[in-house]
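Data first, discussion second: the structure below is written as C-alpha cells.
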There are 2 protein chains.
Amino acid sequence: MSISGAEAEASHELLVIRPSKWTLVVIVQLRSGTMRFNELRRNMGGVPQKSLSQTLRELERDGYITRTAYATIPPRVEYDLTELGRELLALADDWHSFAQRNRRAVEQARRLFDAVDERPAY
Amino acid sequence: MSISGAEAEASHELLVIRPSKWTLVVIVQLRSGTMRFNELRRNMGGVPQKSLSQTLRELERDGYITRTAYATIPPRVEYDLTELGRELLALADDWHSFAQRNRRAVEQARRLFDAVDERPAY
DNA sequence: CTGCATCCTACGGGATACTG
DNA sequence: CAGTATCCCGTAGGATGCAG
C-alpha cells in the first residue's frame with residue numbers, strides 16, 4: 001500500500017489524521033463507556049465548553065460517537081463510542097504507546113539539536 | 001494501558017499526535033529512501049518553501065529524519081528517515097489505512113448528519 | 001539549489017456571558 | 001445540565017522577495 005499520489009489525495013487522506021486539540025482526548029475518555037457532558041468536561045481538565053461542544057459535534061457528525069439526549073429536567077445527554085469510534089480509539093492507543101516509548105528519545109534528540117548553536121550554512 | 005490521567009499529561013502525550021500539516025506527508029515521501037529538498041517539494045505539490053523548511057527542521061530536531069548537507073556548488077541536501085522515523089511511518093500507514101477503509105462511512109455519516117435540518121434543542 | 005526574512009490572513013481555541 | 005453567542009488573541013501557514 002502506497003500513500004504517495006496526487007498531493008490533493010494525500011492531503012485529503014491526511015486530514016483525517018490531524019484531529020483538533022481535544023478530539024482524541026474525548027475518544028480515550030469514552031473508553032470505559034457512556035459519559036455525560038459535564039462528566040467529560042470534568043475529566044478533561046480545563047477544556048472550554050465551546051471546544052468540547054464543537055469536538056463532540058464533529059465526532060458525532062463523522063460517526064465516531066453517538067449522542068443521546070433525554071428530555072428531562074434538568075436535561076441529560078449521553079455520549080458513547082460507535083464501532084468506528086472504537087477503531088479510532090485503537091489508533092489513539094497506538095499513538096500514545098508510541099509516544100510513551102519514544103518520549104525520552106525525542107527529548108534527548110531535541111536537547112542535542114538545540115545544543116548545537118554552531119549550525120552553519122543552513 | 002490507560003491514557004486517562006492528569007489532563008496536563010494527557011495533553012502532553014497527545015501533542016505528539018498532532019503533527020503539523022506537512023509532517024506526515026514528508027514522512028511518507030521518504031519511505032522509498034533519500035530525497036533532496038526540491039525533490040520533496042515537487043512530489044508534495046503546492047507546499048511553500050517555508051512550510052517545508054520548518055517541517056524538515058522539526059523532524060530533524062525530534063530525531064525522525066537525518067539531514068546531510070554537501071558543501072558543493074550548487075548546494076545539495078539529502079533527507080532520510082531514521083529508525084524512529086520509520087516507526088512513525090508505520091503509524092502513518094496505520095492511519096492512512098484506517099482513513100481509506102472508513103472514508104465512505106464517514107462521508108455517509110456526514111451527509112446523514114447534515115441532512116437533519118431539524119435538530120432541536122442542542 | 002537550499003534555504004531565511006517578512007508580511008499577511010485565516011482559523012483554532014480560550015474566556016466570558018447568556019439561554020432553554 | 002447542556003449547551004449557544006461573542007469577543008479576543010496567538011499561531012499556523014501561504015505568498016513574496018532576498019541570500020549564500
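Simple scheme: letters A, B, ... for chains in C-alpha cells order, numbers from 1 for residues in each chain, numbers from 1 for ligands in the order shown.
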Residues of chain C within 9 Å of chain B, counting only C-alpha atoms (C1' of nucleotides), what are they? List them as a list in words.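 On the chain C side, the interface is DC1, DT2, DG3, DC4 and DG20 of chain C.
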Just list as a PyMOL selection string whatever in range 29-81 of chain B DSSP marks as strand (DSSP E). chain B and resi 35-36+65-70+76-81
Expected file: the selected residues, all heavy atoms, as a short mmCIF file (atom, residue, chain, number, x, y, z; two decimals), in the first residue's frame:
```cif
data_model
loop_
_atom_site.label_atom_id
_atom_site.label_comp_id
_atom_site.auth_asym_id
_atom_site.auth_seq_id
_atom_site.Cartn_x
_atom_site.Cartn_y
_atom_site.Cartn_z
N MET B 35 15.94 11.69 -0.13
CA MET B 35 15.40 12.69 -1.05
C MET B 35 16.00 14.05 -0.78
O MET B 35 16.35 14.37 0.34
CB MET B 35 13.87 12.77 -0.90
CG MET B 35 13.13 11.74 -1.71
SD MET B 35 11.44 12.31 -2.06
CE MET B 35 10.68 10.75 -2.52
N ARG B 36 16.08 14.85 -1.84
CA ARG B 36 16.60 16.20 -1.72
C ARG B 36 15.45 17.18 -1.51
O ARG B 36 14.28 16.81 -1.65
CB ARG B 36 17.38 16.57 -2.97
CG ARG B 36 18.50 15.62 -3.24
CD ARG B 36 19.22 15.98 -4.52
NE ARG B 36 19.72 17.36 -4.48
CZ ARG B 36 20.45 17.88 -5.45
NH1 ARG B 36 20.77 17.16 -6.51
NH2 ARG B 36 20.87 19.13 -5.37
N ILE B 65 14.17 12.31 11.17
CA ILE B 65 14.90 12.27 9.91
C ILE B 65 16.32 12.78 10.11
O ILE B 65 16.62 13.45 11.10
CB ILE B 65 14.23 13.13 8.81
CG1 ILE B 65 14.28 14.61 9.20
CG2 ILE B 65 12.80 12.69 8.58
CD1 ILE B 65 13.74 15.53 8.12
N THR B 66 17.20 12.45 9.18
CA THR B 66 18.55 12.99 9.18
C THR B 66 18.68 13.97 8.04
O THR B 66 17.98 13.88 7.03
CB THR B 66 19.60 11.89 9.00
OG1 THR B 66 19.35 11.22 7.76
CG2 THR B 66 19.50 10.88 10.12
N ARG B 67 19.59 14.91 8.22
CA ARG B 67 19.83 15.94 7.20
C ARG B 67 21.32 15.92 6.88
O ARG B 67 22.16 16.10 7.75
CB ARG B 67 19.43 17.30 7.74
CG ARG B 67 19.70 18.46 6.79
CD ARG B 67 19.39 19.77 7.49
NE ARG B 67 19.48 20.91 6.60
CZ ARG B 67 20.61 21.57 6.34
NH1 ARG B 67 21.73 21.17 6.89
NH2 ARG B 67 20.60 22.60 5.53
N THR B 68 21.63 15.70 5.62
CA THR B 68 23.03 15.65 5.21
C THR B 68 23.28 16.69 4.14
O THR B 68 22.71 16.63 3.05
CB THR B 68 23.39 14.26 4.65
OG1 THR B 68 22.88 13.25 5.52
CG2 THR B 68 24.89 14.11 4.50
N ALA B 69 24.12 17.68 4.48
CA ALA B 69 24.40 18.78 3.56
C ALA B 69 25.77 18.59 2.93
O ALA B 69 26.76 18.33 3.63
CB ALA B 69 24.33 20.11 4.30
N TYR B 70 25.82 18.71 1.61
CA TYR B 70 27.09 18.62 0.90
C TYR B 70 27.51 20.02 0.47
O TYR B 70 26.73 20.74 -0.16
CB TYR B 70 26.96 17.72 -0.31
CG TYR B 70 26.56 16.31 0.05
CD1 TYR B 70 25.22 15.95 0.10
CD2 TYR B 70 27.52 15.36 0.36
CE1 TYR B 70 24.84 14.66 0.45
CE2 TYR B 70 27.16 14.06 0.71
CZ TYR B 70 25.82 13.73 0.75
OH TYR B 70 25.44 12.47 1.10
N ARG B 76 23.64 20.92 -1.90
CA ARG B 76 22.84 19.72 -2.03
C ARG B 76 22.60 19.16 -0.64
O ARG B 76 23.53 18.94 0.13
CB ARG B 76 23.61 18.72 -2.88
CG ARG B 76 23.05 17.34 -2.83
CD ARG B 76 23.97 16.40 -3.56
NE ARG B 76 23.43 15.06 -3.64
CZ ARG B 76 23.80 14.18 -4.55
NH1 ARG B 76 24.69 14.52 -5.46
NH2 ARG B 76 23.28 12.98 -4.56
N VAL B 77 21.35 18.95 -0.35
CA VAL B 77 20.97 18.46 0.98
C VAL B 77 20.08 17.25 0.83
O VAL B 77 19.12 17.27 0.06
CB VAL B 77 20.24 19.56 1.78
CG1 VAL B 77 19.89 19.06 3.16
CG2 VAL B 77 21.10 20.81 1.87
N GLU B 78 20.40 16.22 1.57
CA GLU B 78 19.62 14.98 1.48
C GLU B 78 18.94 14.67 2.81
O GLU B 78 19.55 14.81 3.87
CB GLU B 78 20.53 13.82 1.08
CG GLU B 78 21.05 13.95 -0.35
CD GLU B 78 21.87 12.75 -0.75
OE1 GLU B 78 22.29 12.00 0.15
OE2 GLU B 78 22.07 12.55 -1.95
N TYR B 79 17.74 14.20 2.71
CA TYR B 79 16.97 13.85 3.90
C TYR B 79 16.65 12.36 3.90
O TYR B 79 16.38 11.77 2.84
CB TYR B 79 15.68 14.67 3.95
CG TYR B 79 15.93 16.15 4.13
CD1 TYR B 79 16.02 16.99 3.02
CD2 TYR B 79 16.12 16.70 5.38
CE1 TYR B 79 16.26 18.36 3.17
CE2 TYR B 79 16.37 18.05 5.54
CZ TYR B 79 16.43 18.87 4.44
OH TYR B 79 16.69 20.20 4.61
N ASP B 80 16.67 11.80 5.09
CA ASP B 80 16.43 10.37 5.24
C ASP B 80 15.68 10.06 6.52
O ASP B 80 15.80 10.79 7.50
CB ASP B 80 17.77 9.62 5.28
CG ASP B 80 18.03 8.85 4.01
OD1 ASP B 80 17.14 8.07 3.63
OD2 ASP B 80 19.10 9.05 3.41
N LEU B 81 14.95 8.98 6.51
CA LEU B 81 14.28 8.55 7.73
C LEU B 81 15.29 7.89 8.66
O LEU B 81 16.18 7.17 8.23
CB LEU B 81 13.18 7.53 7.40
CG LEU B 81 11.91 8.06 6.74
CD1 LEU B 81 10.94 6.92 6.48
CD2 LEU B 81 11.26 9.13 7.61
#
```
From a DSSP calculation on the backbone, collect every residue of chain A in helix (DSSP H, G or I) and output the set as a ChimeraX atom specification. /A:7-15,23-32,37-43,49-61,83-115
With a cut-off of 12 Å, could you pull out the residues of range 2-121 of chain A touching range 10-13 of chain C and give me the nearest pair of atoms for each, distance in Å to one decimal, using only C-alpha atoms (C1' of nucleotides), ordered by chain and ascending number, as JSON lines?
```
{"residue": "A:Pro19", "atom": "CA", "partner": "C:DG12", "partner_atom": "C1'", "distance": 11.5}
{"residue": "A:Ser20", "atom": "CA", "partner": "C:DG12", "partner_atom": "C1'", "distance": 8.3}
{"residue": "A:Lys21", "atom": "CA", "partner": "C:DG13", "partner_atom": "C1'", "distance": 8.7}
{"residue": "A:Trp22", "atom": "CA", "partner": "C:DG13", "partner_atom": "C1'", "distance": 10.3}
{"residue": "A:Val47", "atom": "CA", "partner": "C:DG13", "partner_atom": "C1'", "distance": 9.8}
{"residue": "A:Pro48", "atom": "CA", "partner": "C:DG13", "partner_atom": "C1'", "distance": 8.6}
{"residue": "A:Gln49", "atom": "CA", "partner": "C:DG13", "partner_atom": "C1'", "distance": 10.9}
{"residue": "A:Lys50", "atom": "CA", "partner": "C:DG13", "partner_atom": "C1'", "distance": 8.8}
{"residue": "A:Ser51", "atom": "CA", "partner": "C:DG13", "partner_atom": "C1'", "distance": 7.0}
{"residue": "A:Leu52", "atom": "CA", "partner": "C:DG13", "partner_atom": "C1'", "distance": 10.6}
{"residue": "A:Gln54", "atom": "CA", "partner": "C:DG13", "partner_atom": "C1'", "distance": 10.6}
{"residue": "A:Thr55", "atom": "CA", "partner": "C:DG13", "partner_atom": "C1'", "distance": 11.4}
```
Chain B residues near chain A within 6 Å, closest pair each, using only C-alpha atoms, as JSON lines:
```
{"residue": "B:Glu7", "atom": "CA", "partner": "A:Gly45", "partner_atom": "CA", "distance": 5.3}
{"residue": "B:Met44", "atom": "CA", "partner": "A:Glu7", "partner_atom": "CA", "distance": 5.7}
{"residue": "B:Gly45", "atom": "CA", "partner": "A:Glu7", "partner_atom": "CA", "distance": 5.3}
{"residue": "B:Arg61", "atom": "CA", "partner": "A:Arg110", "partner_atom": "CA", "distance": 5.3}
{"residue": "B:Asp62", "atom": "CA", "partner": "A:Val106", "partner_atom": "CA", "distance": 5.1}
{"residue": "B:Gly63", "atom": "CA", "partner": "A:Ala109", "partner_atom": "CA", "distance": 5.5}
{"residue": "B:Val106", "atom": "CA", "partner": "A:Asp62", "partner_atom": "CA", "distance": 5.1}
{"residue": "B:Ala109", "atom": "CA", "partner": "A:Asp62", "partner_atom": "CA", "distance": 5.5}
{"residue": "B:Arg110", "atom": "CA", "partner": "A:Arg61", "partner_atom": "CA", "distance": 5.3}
{"residue": "B:Phe113", "atom": "CA", "partner": "A:Arg61", "partner_atom": "CA", "distance": 5.6}
```
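The residues of chain D lying at most 10 Å from chain B, with only C-alpha atoms (C1' of nucleotides) taken into account, are DA2, DG3, DT4, DA12, DG13, DG14, DA15 and DG20 of chain D.
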Selection to disk with N, CA and C atoms (P, O5', C5', C4', C3', O3' and C1' of nucleotides), as a compact mmCIF listing (two decimals), in the first residue's frame:
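result.txt, freshly written:
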```
# COMPACT_ATOMS: atom_id res chain seq x y z
P DA D 2 -25.21 17.12 31.39
O5' DA D 2 -25.49 18.10 30.15
C5' DA D 2 -26.75 18.03 29.49
C4' DA D 2 -26.85 19.09 28.44
C3' DA D 2 -25.64 19.17 27.48
O3' DA D 2 -26.11 19.30 26.16
C1' DA D 2 -26.09 21.28 28.39
P DG D 3 -25.06 19.03 24.93
O5' DG D 3 -23.96 20.20 25.02
C5' DG D 3 -23.91 21.10 23.96
C4' DG D 3 -24.92 22.22 24.14
C3' DG D 3 -24.60 23.46 23.33
O3' DG D 3 -25.16 23.33 22.04
C1' DG D 3 -25.36 23.99 25.55
P DT D 4 -24.44 24.05 20.86
O5' DT D 4 -24.89 25.57 20.96
C5' DT D 4 -26.28 25.92 20.90
C4' DT D 4 -26.42 27.42 21.08
C3' DT D 4 -25.62 28.24 20.06
O3' DT D 4 -26.45 29.29 19.57
C1' DT D 4 -25.01 28.87 22.25
P DA D 12 2.50 27.53 15.57
O5' DA D 12 1.81 26.84 14.32
C5' DA D 12 0.54 26.23 14.49
C4' DA D 12 -0.25 26.31 13.19
C3' DA D 12 0.52 25.83 11.97
O3' DA D 12 -0.36 25.10 11.14
C1' DA D 12 -0.14 28.07 11.64
P DG D 13 0.17 24.18 9.97
O5' DG D 13 0.16 25.13 8.70
C5' DG D 13 -1.05 25.77 8.31
C4' DG D 13 -0.74 26.88 7.33
C3' DG D 13 0.39 26.58 6.33
O3' DG D 13 0.01 27.06 5.07
C1' DG D 13 0.74 28.61 7.29
P DG D 14 -0.14 26.06 3.81
O5' DG D 14 -0.26 27.06 2.57
C5' DG D 14 -1.42 27.85 2.43
C4' DG D 14 -1.05 29.24 1.96
C3' DG D 14 -0.08 29.30 0.77
O3' DG D 14 -0.71 29.97 -0.31
C1' DG D 14 0.56 30.81 2.49
P DA D 15 0.07 30.10 -1.73
O5' DA D 15 0.68 31.57 -1.69
C5' DA D 15 -0.10 32.67 -1.23
C4' DA D 15 0.63 33.98 -1.49
C3' DA D 15 1.57 33.97 -2.70
O3' DA D 15 1.47 35.20 -3.40
C1' DA D 15 2.81 34.43 -0.72
P DG D 20 24.50 36.70 1.87
O5' DG D 20 25.13 35.31 2.36
C5' DG D 20 24.32 34.32 2.97
C4' DG D 20 24.79 32.92 2.55
C3' DG D 20 26.21 32.88 1.99
O3' DG D 20 26.80 31.63 2.40
C1' DG D 20 24.71 32.07 0.36
```
Gap from CA of Arg101 in chain B to CA of Arg86 in chain A - Å, one decimal: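 For CA of Arg101 in chain B relative to CA of Arg86 in chain A, the distance reads 14.2 Å.
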